[in-house]
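Everything on this sheet refers to the single structure shown next.
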Amino acid sequence: MTFLPIVARELRIAARRSGTYWVRSGAALALLVIGTWFLLANWRDPTHVIALGLFSILTGSAVLYCLLSGVWFTADCLSEEKREGTLGLLFLTDLKGYDVVFGKLVATSLNGFYAVLAVVPILALPLLLGGITGGEFARMAVVVVNTLFFSLALGICVSAVSRSPRKAMAMTFLLLLLFTAVLPACGVWRAAMARAPQVGRAWLIPSTGFSYYLAFDLPYKTLGQHFWCSVAVIHGLGWLFLVLASLLAPRAWQDRPAGAQTLRWRERWHWWSYGNVLERAGFRRRLLDRSAYFWLAARARLRPAYIWAVLGLVACGWVWGLARSGRDWLDEMTYVLTGLLLNLLIKVWFALEAGRPLAEDRRQGALELLLSTPLTIKDILRGQLLALRRQFEGPVVVVLLVFLLFMLLGASDALSQQEPADRSLWVLVWAAGMVMLLADLAGLYWLGMWQGLTAKNPTRAATNNVGWILLLPW
């Protein structure tokens, strides 16, 4: 029997796809554009300063891309097979769990790997300017490839136990955030509480950010062993996730009957989400009076409550920080970080929801039925816009008021500390942020509609929406 037959088949298929070749050129071109922009913006600085800054930007972009690759490429690969009912057919053959897992891993992540393969040589360009050593380049290449492997393995492991694409992507992102940022933040918090001179290394070693920081010469000279330990731990976690996915995939595709307790919880959750018979009838009547597609897209009445709950958690964290630090918490950096968090939260959530109903209706064949009714295209777009307004209008207004409050607080605190020009710049930045929030939401709505009708699946529609509006302009 051929070893890993699905991998061999997927490699032959990928070799015939034109996108396999174009993605390498596109990734290299994107990094070259970023590097050229940085060089033109800082050409007056000393050469070694330019080299270090260029190297940091190029490698940081590559590591961030690799870190999010699991969300984009592998988080929905096995769960999509389960939804379509084809995963069980694979296990009716002699294929093992690792055959399917490695085959899907190659099929979904080959383009991402080729992009990294094209990008790594470009990371060596700052070597020509001086200020960067060959050891830094070699260690950073190891970090980039290791991060890609870890992220893809984590994504396919989550996909093995999930069925919903949004839940799989969200869980993959949260786990990546846990290893990369939450564990180091917990280490910092624990060290601050214990008044320890430094953070415990056990909290930092699983973080890709820690290995990225140690790849530079200056920290590597004193903490070289921690760098290799971090790389080894992250690589080992990647293999652990692949083994778990191989063990879980043959057992996770069956539809098992739910127990009595599970059915009771599902009934309660359905009641909370949609209400009882009278509440559903009244809610349906109110929405149908405005638009039929509005009811179809917004019939889950608790959907707006989720984002309010997340904003409430952010508010609780802010109040805790204010109670903990007192006046020191009311700092410009706190305002900026909170504003960035709220801005990113609203935009990403909106991007995920914008084209989802149309994409799901198109995948399930319901869109064809909708277009056979008297509903016009204008009615469908208006109904989706009303559904998004119902879900996001209140949170967006609250976020804009928070931005306005931060702008006024920062300007008032600066009255005795900064020049009038600095105060004007502070006000201008926050005003521009509020305008861009509304402009990005408008762009995300229209692009979401388009991607919902043209993308391969709802997951691809959401990721394209985020990438084109929120990532590519940067």
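Every chain in the structure tokens takes a letter, A first, then B, and so on in the order presented; its residues are numbered from 1, and the ligands are numbered from 1 following the presented order.
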
Show which residues sit within 6 Å of region 10-25 of chain A, as a compact mmCIF listing (two decimals) with C-alpha atoms, in the first residue's frame. Count only C-alpha atoms, and ignore same-chain residues fewer than 3 positions away.
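Final file, result30.txt:
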# COMPACT_ATOMS: atom_id res chain seq x y z
CA VAL A 7 -0.83 13.34 0.38
CA ALA A 28 7.09 37.66 -2.35
CA LEU A 29 5.73 40.77 -4.11
CA ALA A 107 -4.33 19.91 0.60
CA ASN A 111 -0.29 27.38 -0.74
CA TYR A 114 4.73 27.91 -0.64
CA ALA A 115 4.11 31.52 0.36
CA ALA A 118 9.00 32.34 -1.20

As a short mmCIF file (atom, residue, chain, number, x, y, z; two decimals) with all heavy atoms, in the first residue's frame, please: the residues near Ile50 (chain A) (cut-off 9 Å, only C-alpha atoms, same-chain neighbours under 3 positions excluded).
data_model
loop_
_atom_site.label_atom_id
_atom_site.label_comp_id
_atom_site.auth_asym_id
_atom_site.auth_seq_id
_atom_site.Cartn_x
_atom_site.Cartn_y
_atom_site.Cartn_z
N PHE A 38 9.13 50.92 3.45
CA PHE A 38 9.91 51.25 4.64
C PHE A 38 11.22 51.93 4.27
O PHE A 38 11.63 52.90 4.92
CB PHE A 38 10.18 49.97 5.45
CG PHE A 38 10.95 50.22 6.72
CD1 PHE A 38 10.31 50.64 7.86
CD2 PHE A 38 12.34 50.05 6.76
CE1 PHE A 38 11.02 50.88 9.02
CE2 PHE A 38 13.05 50.28 7.91
CZ PHE A 38 12.38 50.69 9.05
N LEU A 39 11.87 51.45 3.23
CA LEU A 39 13.13 52.05 2.79
C LEU A 39 12.93 53.49 2.34
O LEU A 39 13.71 54.39 2.66
CB LEU A 39 13.75 51.23 1.68
CG LEU A 39 14.38 49.89 2.07
CD1 LEU A 39 14.83 49.14 0.84
CD2 LEU A 39 15.55 50.10 3.02
N ASN A 42 12.39 55.84 5.35
CA ASN A 42 13.47 56.00 6.34
C ASN A 42 14.84 56.06 5.68
O ASN A 42 15.84 55.71 6.31
CB ASN A 42 13.43 54.83 7.33
CG ASN A 42 12.12 54.72 8.09
OD1 ASN A 42 11.91 55.36 9.12
ND2 ASN A 42 11.21 53.90 7.58
N TRP A 43 14.93 56.54 4.45
CA TRP A 43 16.21 56.49 3.73
C TRP A 43 17.26 57.42 4.33
O TRP A 43 18.45 57.27 4.06
CB TRP A 43 15.98 56.82 2.26
CG TRP A 43 15.49 58.22 2.01
CD1 TRP A 43 14.20 58.64 2.02
CD2 TRP A 43 16.29 59.35 1.68
NE1 TRP A 43 14.11 59.98 1.75
CE2 TRP A 43 15.40 60.45 1.53
CE3 TRP A 43 17.66 59.58 1.52
CZ2 TRP A 43 15.84 61.73 1.22
CZ3 TRP A 43 18.09 60.85 1.21
CH2 TRP A 43 17.20 61.91 1.06
N ARG A 44 16.84 58.41 5.15
CA ARG A 44 17.81 59.33 5.76
C ARG A 44 18.49 58.74 7.00
O ARG A 44 19.51 59.26 7.45
CB ARG A 44 17.12 60.63 6.16
CG ARG A 44 16.67 61.49 4.99
CD ARG A 44 16.18 62.84 5.49
NE ARG A 44 15.78 63.71 4.41
CZ ARG A 44 14.56 63.77 3.90
NH1 ARG A 44 13.61 62.98 4.41
NH2 ARG A 44 14.27 64.59 2.92
N ASP A 45 17.94 57.66 7.56
CA ASP A 45 18.51 57.06 8.77
C ASP A 45 19.80 56.31 8.44
O ASP A 45 20.06 55.97 7.28
CB ASP A 45 17.50 56.10 9.41
CG ASP A 45 16.28 56.82 9.92
OD1 ASP A 45 16.37 58.04 10.14
OD2 ASP A 45 15.23 56.17 10.09
N PRO A 46 20.62 56.04 9.47
CA PRO A 46 21.83 55.23 9.25
C PRO A 46 21.48 53.85 8.69
O PRO A 46 20.41 53.31 8.94
CB PRO A 46 22.46 55.14 10.64
CG PRO A 46 21.92 56.32 11.38
CD PRO A 46 20.55 56.56 10.84
N THR A 47 22.44 53.29 7.97
CA THR A 47 22.17 52.03 7.27
C THR A 47 21.82 50.90 8.22
O THR A 47 20.91 50.12 7.97
CB THR A 47 23.40 51.64 6.44
OG1 THR A 47 23.74 52.72 5.57
CG2 THR A 47 23.12 50.40 5.60
N GLY A 53 15.34 47.85 11.33
CA GLY A 53 13.91 48.12 11.22
C GLY A 53 13.25 47.33 10.10
O GLY A 53 12.15 46.79 10.27
N LEU A 54 13.93 47.24 8.95
CA LEU A 54 13.39 46.48 7.83
C LEU A 54 13.28 45.00 8.18
O LEU A 54 12.27 44.34 7.87
CB LEU A 54 14.29 46.68 6.61
CG LEU A 54 13.88 45.94 5.33
CD1 LEU A 54 12.51 46.40 4.86
CD2 LEU A 54 14.93 46.16 4.24
N PHE A 55 14.30 44.48 8.82
CA PHE A 55 14.29 43.07 9.21
C PHE A 55 13.17 42.79 10.21
O PHE A 55 12.48 41.77 10.11
CB PHE A 55 15.64 42.70 9.81
CG PHE A 55 15.80 41.25 10.12
CD1 PHE A 55 15.93 40.32 9.10
CD2 PHE A 55 15.83 40.79 11.43
CE1 PHE A 55 16.08 38.97 9.37
CE2 PHE A 55 15.98 39.46 11.72
CZ PHE A 55 16.11 38.54 10.68
N PRO A 126 17.91 42.42 4.27
CA PRO A 126 18.60 43.35 5.20
C PRO A 126 20.04 42.96 5.48
O PRO A 126 20.81 43.82 5.94
CB PRO A 126 17.74 43.27 6.47
CG PRO A 126 16.39 42.89 5.99
CD PRO A 126 16.64 41.96 4.85
N LEU A 129 22.47 45.22 3.79
CA LEU A 129 22.64 46.56 4.33
C LEU A 129 23.54 46.58 5.56
O LEU A 129 24.00 47.65 5.97
CB LEU A 129 21.27 47.16 4.71
CG LEU A 129 20.27 47.33 3.58
CD1 LEU A 129 18.94 47.81 4.12
CD2 LEU A 129 20.80 48.30 2.53
N GLY A 131 24.25 45.32 9.75
CA GLY A 131 23.48 45.48 10.98
C GLY A 131 22.71 44.24 11.36
O GLY A 131 22.16 44.16 12.46
#

Find the residues near region 364-373 of chain A: any atom within 12 Å, counting only C-alpha atoms, skip ones fewer than 3 places away on the same chain, and give them as an MDAnalysis selection string.
chainID A and resid 83:84 292:293 296 357:361 376:380 452:453 457:458

Pick out the residues sitting within 12 Å of Val188 (chain A), and hand them over as a PyMOL selection string; count only C-alpha atoms, and ignore anything fewer than 2 positions along from it in its own chain.
chain A and resi 181-186+190-204
